[in-house]
Amino acid sequence: MSIDYSQKIPNNVNLSNDRTLQRALEHWQPHFLDWWREMGPHDFASADVYLRTATGVDAQGWASYGTVKMPDYRWGIFLADAIPERKIGFGDSFGEPVWQQVPGEFRSQFRRLIVTQGDTEPASVEQQHLLGHTCPSLYDLRNLFQVNVEEGRHLWAMVYLLHAHFGRDGREEAEELLARHSGDADKPRILGTFNEPISDWLSFFCFTYFTDRDGKFQLKSLAESSFDPLARTCRFMLTEEAHHMFVGETGIGRVVRRTLEVMKELGTDVAQALRGQGVIDLPLLQRYLNFWFSSSLDLFGSEVSSNAAGSFANGIKGRPDETTQYQDHVCTDATYELPTPDGKGGVQTEKVSLRNAMNEVLRVAYVRDSEIGLKRWNMQIQKAGHDFRLKLPSTRFRRSIGAWANVPTDLEGRFIAREEYQRRLPEWLPTPADRTYVQSLMQRVSTPGKMAGWIAPPDRGINNLGLDYEYVRLN
Ligand SMILES: [Fe+2]
Ligand SMILES: [Fe+2]
């Protein structure tokens, strides 16, 4: 169904046919806008931004591009088209027709999942609240704002489900989604990573590379859900999410390229010399990668989880690409071998039911996907003739959740003494000096076509426009 933009809330769910729901969402809308004005991009409400807006939900040509002031962005409710006769793809009800309503017995599980997903969306906008001030170019500023408005729309996506399917509880949860704030001492966001500040653009690129990619895997597994409105919502969100990871991957790639240029000019890889020229030395980049990767791994939850087993059994949350990647969609007898600490300084292999290991299945797929960017960045480094390689740390490193939580290991995942771990952390994670240095590079560049000195220009502009196009007009 096409998107109706004549409504107060643009949508393709026939909202005007359900007056009660429409009124409830129109009541929430000004609260959302207040939140956006207060917690969204700081100081840019009057800027004209070259943004894409959804015009349809099919893969071809869903976006139209134009200049918009962000508070006028048309946030709305867009579900991917229904798949006719869609059947449940996994779990105990495999093969039965999908649900258009939430079954009563799974209501609280669904609600918790939707709230947790919904909470991450505005959280990231809050984390990036001040970043616009220090943009390395107008191109990047526009990308930041594109990500921000789409995360705002993802919040709409989850709020729609809460309002449409969870009655009064759902409406209360929708209000709470605007009341919690990233990093707030009293009412923080639900998940740890979403309370980490993103106060520099290197962190932003790492976040969009690693943390938005967690989002991709969560959405892919929810897109398999038996609750069809949730599946359709997530399928459309995934098309938006792809751009966020593009921003991360190309952002880090451009940092690498710029650093390699200066390494060549100076004929050195000595960090101090490179910092003298205002670029980001590769070991410093590696420490940022270590930080954001390890933090994002925790988002998948414990390796062994009865919650995850229940979600799978009940058809709530499947595996990414459940239909195409797996033969056994029920997994009652299947097992999974899990390396865990044996408590005596060694590693044991635990055999657990596959259903209980679904979080780990998701995490492993995520790690594999995360490798893709590293291969590309390393290719650049190799071509430039350097031996240095960027690497993902072991999934055991610096975990706060699951079997490896608080187990001191090095980047390779080898056990080390806690004292050694503490002592060597500055080798592995951004130090205060690193952060201060990165912060010192964060100077706003807002001349069309110009780039900050620490990052190379992108290969191409947005939607076939040139790099010198004025992607954001600051008014
Ligand atoms: Fe999102
Ligand atoms: Fe995202």
# chains A, B, ... in the order shown; residues from 1 in each chain; ligands from 1
$ closest_atom_pairs --of "chain A" --to "ligand 1" --cutoff "12 Å" --atoms "only C-alpha atoms and all ligand atoms" --output "tab-separated table"
residue	atom	partner	partner_atom_place_in_ligand_line	distance
A:Thr116	CA	ligand 1	1 (Fe)	11.7
A:Gln117	CA	ligand 1	1 (Fe)	8.3
A:Gly118	CA	ligand 1	1 (Fe)	8.2
A:Asp119	CA	ligand 1	1 (Fe)	9.6
A:Thr120	CA	ligand 1	1 (Fe)	7.1
A:Glu121	CA	ligand 1	1 (Fe)	4.9
A:Pro122	CA	ligand 1	1 (Fe)	8.3
A:Ala123	CA	ligand 1	1 (Fe)	9.6
A:Ser124	CA	ligand 1	1 (Fe)	8.3
A:Val125	CA	ligand 1	1 (Fe)	9.6
A:Gln146	CA	ligand 1	1 (Fe)	11.4
A:Val147	CA	ligand 1	1 (Fe)	8.3
A:Asn148	CA	ligand 1	1 (Fe)	8.9
A:Val149	CA	ligand 1	1 (Fe)	9.7
A:Glu150	CA	ligand 1	1 (Fe)	6.8
A:Glu151	CA	ligand 1	1 (Fe)	4.5
A:Gly152	CA	ligand 1	1 (Fe)	7.8
A:Arg153	CA	ligand 1	1 (Fe)	7.9
A:His154	CA	ligand 1	1 (Fe)	5.2
A:Leu155	CA	ligand 1	1 (Fe)	7.6
A:Trp156	CA	ligand 1	1 (Fe)	10.3
A:Ala157	CA	ligand 1	1 (Fe)	9.6
A:Met158	CA	ligand 1	1 (Fe)	10.1
A:Phe194	CA	ligand 1	1 (Fe)	11.8
A:Phe207	CA	ligand 1	1 (Fe)	11.9
A:Thr208	CA	ligand 1	1 (Fe)	10.1
A:Thr211	CA	ligand 1	1 (Fe)	9.8
A:Asp212	CA	ligand 1	1 (Fe)	7.0
A:Arg213	CA	ligand 1	1 (Fe)	9.7
A:Asp214	CA	ligand 1	1 (Fe)	9.9
A:Gly215	CA	ligand 1	1 (Fe)	6.4
A:Lys216	CA	ligand 1	1 (Fe)	8.2
A:Phe217	CA	ligand 1	1 (Fe)	11.2
A:Gln218	CA	ligand 1	1 (Fe)	10.1
A:Leu219	CA	ligand 1	1 (Fe)	8.8
A:Thr233	CA	ligand 1	1 (Fe)	11.5
A:Cys234	CA	ligand 1	1 (Fe)	9.6
A:Arg235	CA	ligand 1	1 (Fe)	11.9
A:Phe236	CA	ligand 1	1 (Fe)	10.9
A:Met237	CA	ligand 1	1 (Fe)	7.1
A:Leu238	CA	ligand 1	1 (Fe)	8.4
A:Thr239	CA	ligand 1	1 (Fe)	10.4
A:Glu240	CA	ligand 1	1 (Fe)	7.9
A:Glu241	CA	ligand 1	1 (Fe)	6.2
A:Ala242	CA	ligand 1	1 (Fe)	10.0
A:His243	CA	ligand 1	1 (Fe)	10.6
A:His244	CA	ligand 1	1 (Fe)	8.5
A:Met245	CA	ligand 1	1 (Fe)	10.7
$ residues_around --residues "Leu285 of chain A" --least-positions-apart "3" --cutoff "10 Å" --atoms "only C-alpha atoms" --output "list in words"
Leu202, Ser203, Cys206, Ile252, Val255, Val256, Ile280, Asp281, Leu282, Tyr288, Leu289, Asn290, Phe291, Leu390, Leu429, Pro430 and Asp434 of chain A
$ select_by_dssp --residues "segment 4-179 of chain A" --states "alpha helix (DSSP H)" --output "ChimeraX atom specification"
/A:19-39,107-127,138-165,167-179
$ residues_around --residues "segment 54-65 of chain A" --least-positions-apart "5" --cutoff "7 Å" --atoms "only C-alpha atoms" --output "ChimeraX atom specification"
/A:2-3,80,236
$ residues_around --residues "Ala45 of chain A" --least-positions-apart "2" --cutoff "12 Å" --atoms "only C-alpha atoms" --output "list in words"
Leu33, Trp36, Arg37, Glu38, Met39, Gly40, Pro41, His42, Asp43, Ala47, Asp48, Val49, Val68, Lys69, Met70, Pro71, Asp72, Tyr73, Gly132, Phe145, Val472, Arg473, Leu474 and Asn475 of chain A
$ residues_around --residues "Arg435 of chain A" --least-positions-apart "2" --cutoff "12 Å" --atoms "only C-alpha atoms" --output "ChimeraX atom specification"
/A:197-203,280,284-285,287-288,426,429-433,437-442
$ write_last_selection --atoms "N, CA and C atoms" --output "PDB file, in the first residue's frame"
ATOM      1  N   PRO A 197      28.590   8.087  25.840  1.00  0.00           N
ATOM      2  CA  PRO A 197      28.537   9.325  25.050  1.00  0.00           C
ATOM      3  C   PRO A 197      29.221   9.153  23.687  1.00  0.00           C
ATOM      4  N   ILE A 198      28.691   9.831  22.686  1.00  0.00           N
ATOM      5  CA  ILE A 198      29.347   9.863  21.372  1.00  0.00           C
ATOM      6  C   ILE A 198      29.719  11.313  21.128  1.00  0.00           C
ATOM      7  N   SER A 199      30.900  11.694  21.625  1.00  0.00           N
ATOM      8  CA  SER A 199      31.211  13.113  21.603  1.00  0.00           C
ATOM      9  C   SER A 199      32.239  13.464  20.534  1.00  0.00           C
ATOM     10  N   ASP A 200      32.672  12.492  19.760  1.00  0.00           N
ATOM     11  CA  ASP A 200      33.556  12.816  18.643  1.00  0.00           C
ATOM     12  C   ASP A 200      33.152  11.958  17.441  1.00  0.00           C
ATOM     13  N   TRP A 201      33.605  12.368  16.271  1.00  0.00           N
ATOM     14  CA  TRP A 201      33.156  11.715  15.035  1.00  0.00           C
ATOM     15  C   TRP A 201      33.788  10.353  14.824  1.00  0.00           C
ATOM     16  N   LEU A 202      34.932  10.101  15.435  1.00  0.00           N
ATOM     17  CA  LEU A 202      35.502   8.757  15.327  1.00  0.00           C
ATOM     18  C   LEU A 202      34.591   7.777  16.068  1.00  0.00           C
ATOM     19  N   SER A 203      34.107   8.195  17.215  1.00  0.00           N
ATOM     20  CA  SER A 203      33.144   7.366  17.955  1.00  0.00           C
ATOM     21  C   SER A 203      31.863   7.197  17.146  1.00  0.00           C
ATOM     22  N   ILE A 280      44.747  10.607  12.533  1.00  0.00           N
ATOM     23  CA  ILE A 280      44.483   9.578  13.541  1.00  0.00           C
ATOM     24  C   ILE A 280      45.361   8.369  13.258  1.00  0.00           C
ATOM     25  N   LEU A 284      45.609   4.082  17.352  1.00  0.00           N
ATOM     26  CA  LEU A 284      44.538   4.807  18.046  1.00  0.00           C
ATOM     27  C   LEU A 284      43.174   4.372  17.493  1.00  0.00           C
ATOM     28  N   LEU A 285      43.074   4.282  16.185  1.00  0.00           N
ATOM     29  CA  LEU A 285      41.834   3.780  15.579  1.00  0.00           C
ATOM     30  C   LEU A 285      41.520   2.384  16.107  1.00  0.00           C
ATOM     31  N   ARG A 287      42.218   1.093  18.961  1.00  0.00           N
ATOM     32  CA  ARG A 287      41.679   1.155  20.331  1.00  0.00           C
ATOM     33  C   ARG A 287      40.202   1.560  20.324  1.00  0.00           C
ATOM     34  N   TYR A 288      39.834   2.460  19.427  1.00  0.00           N
ATOM     35  CA  TYR A 288      38.410   2.822  19.306  1.00  0.00           C
ATOM     36  C   TYR A 288      37.597   1.618  18.821  1.00  0.00           C
ATOM     37  N   PRO A 426      45.372   0.472  28.822  1.00  0.00           N
ATOM     38  CA  PRO A 426      45.697   1.627  27.969  1.00  0.00           C
ATOM     39  C   PRO A 426      46.263   1.246  26.594  1.00  0.00           C
ATOM     40  N   LEU A 429      42.405   0.095  24.915  1.00  0.00           N
ATOM     41  CA  LEU A 429      41.219   0.961  24.839  1.00  0.00           C
ATOM     42  C   LEU A 429      41.673   2.419  24.771  1.00  0.00           C
ATOM     43  N   PRO A 430      40.838   3.294  24.210  1.00  0.00           N
ATOM     44  CA  PRO A 430      41.229   4.704  24.134  1.00  0.00           C
ATOM     45  C   PRO A 430      41.594   5.235  25.520  1.00  0.00           C
ATOM     46  N   THR A 431      42.737   5.872  25.612  1.00  0.00           N
ATOM     47  CA  THR A 431      43.173   6.464  26.879  1.00  0.00           C
ATOM     48  C   THR A 431      42.609   7.882  26.957  1.00  0.00           C
ATOM     49  N   PRO A 432      42.636   8.473  28.137  1.00  0.00           N
ATOM     50  CA  PRO A 432      42.205   9.873  28.230  1.00  0.00           C
ATOM     51  C   PRO A 432      42.985  10.759  27.260  1.00  0.00           C
ATOM     52  N   ALA A 433      44.281  10.473  27.074  1.00  0.00           N
ATOM     53  CA  ALA A 433      45.081  11.287  26.137  1.00  0.00           C
ATOM     54  C   ALA A 433      44.594  11.087  24.703  1.00  0.00           C
ATOM     55  N   TYR A 437      43.094  14.024  22.397  1.00  0.00           N
ATOM     56  CA  TYR A 437      43.650  14.305  21.072  1.00  0.00           C
ATOM     57  C   TYR A 437      42.547  14.283  20.004  1.00  0.00           C
ATOM     58  N   VAL A 438      41.732  13.234  20.013  1.00  0.00           N
ATOM     59  CA  VAL A 438      40.657  13.136  19.015  1.00  0.00           C
ATOM     60  C   VAL A 438      39.738  14.351  19.148  1.00  0.00           C
ATOM     61  N   GLN A 439      39.436  14.700  20.391  1.00  0.00           N
ATOM     62  CA  GLN A 439      38.578  15.865  20.612  1.00  0.00           C
ATOM     63  C   GLN A 439      39.202  17.133  20.022  1.00  0.00           C
ATOM     64  N   SER A 440      40.505  17.229  20.104  1.00  0.00           N
ATOM     65  CA  SER A 440      41.178  18.444  19.590  1.00  0.00           C
ATOM     66  C   SER A 440      41.048  18.552  18.065  1.00  0.00           C
ATOM     67  N   LEU A 441      40.810  17.421  17.411  1.00  0.00           N
ATOM     68  CA  LEU A 441      40.649  17.447  15.947  1.00  0.00           C
ATOM     69  C   LEU A 441      39.246  17.871  15.529  1.00  0.00           C
ATOM     70  N   MET A 442      38.346  17.863  16.491  1.00  0.00           N
ATOM     71  CA  MET A 442      36.932  18.084  16.171  1.00  0.00           C
ATOM     72  C   MET A 442      36.632  19.568  16.025  1.00  0.00           C
TER      73      MET A 442
END
$ closest_residue --among "A:Glu427, A:Asp321, A:Glu412, A:Glu261" --to "Ala365 of chain A" --atoms "only C-alpha atoms"
A:Asp321
$ residues_around --residues "Leu465 of chain A" --least-positions-apart "2" --cutoff "12 Å" --atoms "only C-alpha atoms" --output "compact mmCIF listing (two decimals) with C-alpha atoms, in the first residue's frame"
# COMPACT_ATOMS: atom_id res chain seq x y z
CA TYR A 50 19.28 17.56 1.97
CA TYR A 65 15.47 13.56 -1.87
CA GLY A 66 14.89 17.18 -1.02
CA TYR A 139 28.51 15.97 3.56
CA GLY A 449 33.33 20.71 -0.58
CA ASP A 459 34.26 8.70 -3.24
CA ARG A 460 31.02 10.35 -4.28
CA GLY A 461 28.32 12.68 -3.07
CA ILE A 462 24.71 11.94 -2.15
CA ASN A 463 22.24 10.99 -4.86
CA LEU A 467 31.02 16.77 -3.23
CA ASP A 468 30.87 20.55 -3.22
CA TYR A 469 27.07 20.59 -3.03
CA GLU A 470 25.77 22.49 -0.01
CA TYR A 471 24.22 19.48 1.74
$ atom_distance --atom1 "atom CA of Arg424 of chain A" --atom2 "atom CA of Met263 of chain A"
26.4 Å
$ atom_distance --atom1 "atom CA of Phe293 of chain A" --atom2 "atom CA of Tyr421 of chain A"
17.7 Å
$ residues_around --residues "Asn195 of chain A" --least-positions-apart "4" --cutoff "9 Å" --atoms "only C-alpha atoms" --output "list in words"
Ala123, Ser124, Gln127, His181, Ser182, Gly183, Asp184, Pro188, Arg189, Ile190 and Leu191 of chain A
$ select_by_dssp --residues "segment 271-375 of chain A" --states "strand (DSSP E)" --output "number ranges by chain"
A: 335-341, 347-353
$ write_last_selection --atoms "C-alpha atoms" --output "CSV table (one decimal), in the first residue's frame"
chain,number,residue,atom,x,y,z
A,335,THR,CA,22.8,-28.8,20.3
A,336,TYR,CA,25.5,-26.1,20.2
A,337,GLU,CA,29.0,-26.3,21.4
A,338,LEU,CA,30.1,-23.3,23.4
A,339,PRO,CA,33.5,-22.5,24.7
A,340,THR,CA,33.2,-21.1,28.3
A,341,PRO,CA,35.6,-20.5,31.1
A,347,VAL,CA,38.4,-23.2,28.6
A,348,GLN,CA,35.8,-25.9,28.5
A,349,THR,CA,33.3,-26.9,25.7
A,350,GLU,CA,29.8,-26.8,27.0
A,351,LYS,CA,27.2,-28.6,25.0
A,352,VAL,CA,23.9,-26.7,25.2
A,353,SER,CA,20.6,-26.9,23.5
$ closest_residue --among "A:Arg275, A:Cys135, A:Tyr209, A:Ala309" --to "ligand 2" --atoms "only C-alpha atoms and all ligand atoms"
A:Tyr209
$ atom_distance --atom1 "atom CA of Met358 of chain A" --atom2 "atom CA of Gly318 of chain A"
8.5 Å
$ closest_atom_pairs --of "segment 111-173 of chain A" --to "segment 87-105 of chain A" --cutoff "10 Å" --atoms "only C-alpha atoms" --output "tab-separated table"
residue	atom	partner	partner_atom	distance
A:Arg111	CA	A:Val102	CA	9.5
A:Ala164	CA	A:Gln101	CA	9.5
A:His165	CA	A:Val102	CA	6.9
A:Phe166	CA	A:Val102	CA	8.4
$ write_last_selection --atoms "C-alpha atoms" --output "PDB file, in the first residue's frame"
ATOM      1  CA  ARG A 111       6.172  -5.957  24.715  1.00  0.00           C
ATOM      2  CA  ALA A 164      -1.836  -0.523  18.016  1.00  0.00           C
ATOM      3  CA  HIS A 165      -1.369  -3.801  19.874  1.00  0.00           C
ATOM      4  CA  PHE A 166      -0.713  -3.239  23.576  1.00  0.00           C
TER       5      PHE A 166
END
$ closest_residue --among "A:Ala185, A:Ile372, A:Leu144, A:Val262" --to "ligand 2" --atoms "only C-alpha atoms and all ligand atoms"
A:Leu144
$ closest_residue --among "A:Lys450, A:Lys264, A:Lys317, A:Arg414" --to "Gly385 of chain A" --atoms "only C-alpha atoms"
A:Lys264
$ closest_residue --among "A:Ile381, A:Ala334, A:Leu222, A:Leu274" --to "Leu362 of chain A" --atoms "only C-alpha atoms"
A:Leu222
$ closest_residue --among "A:Asn359, A:Phe205, A:Lys344, A:Gly373" --to "ligand 2" --atoms "only C-alpha atoms and all ligand atoms"
A:Phe205
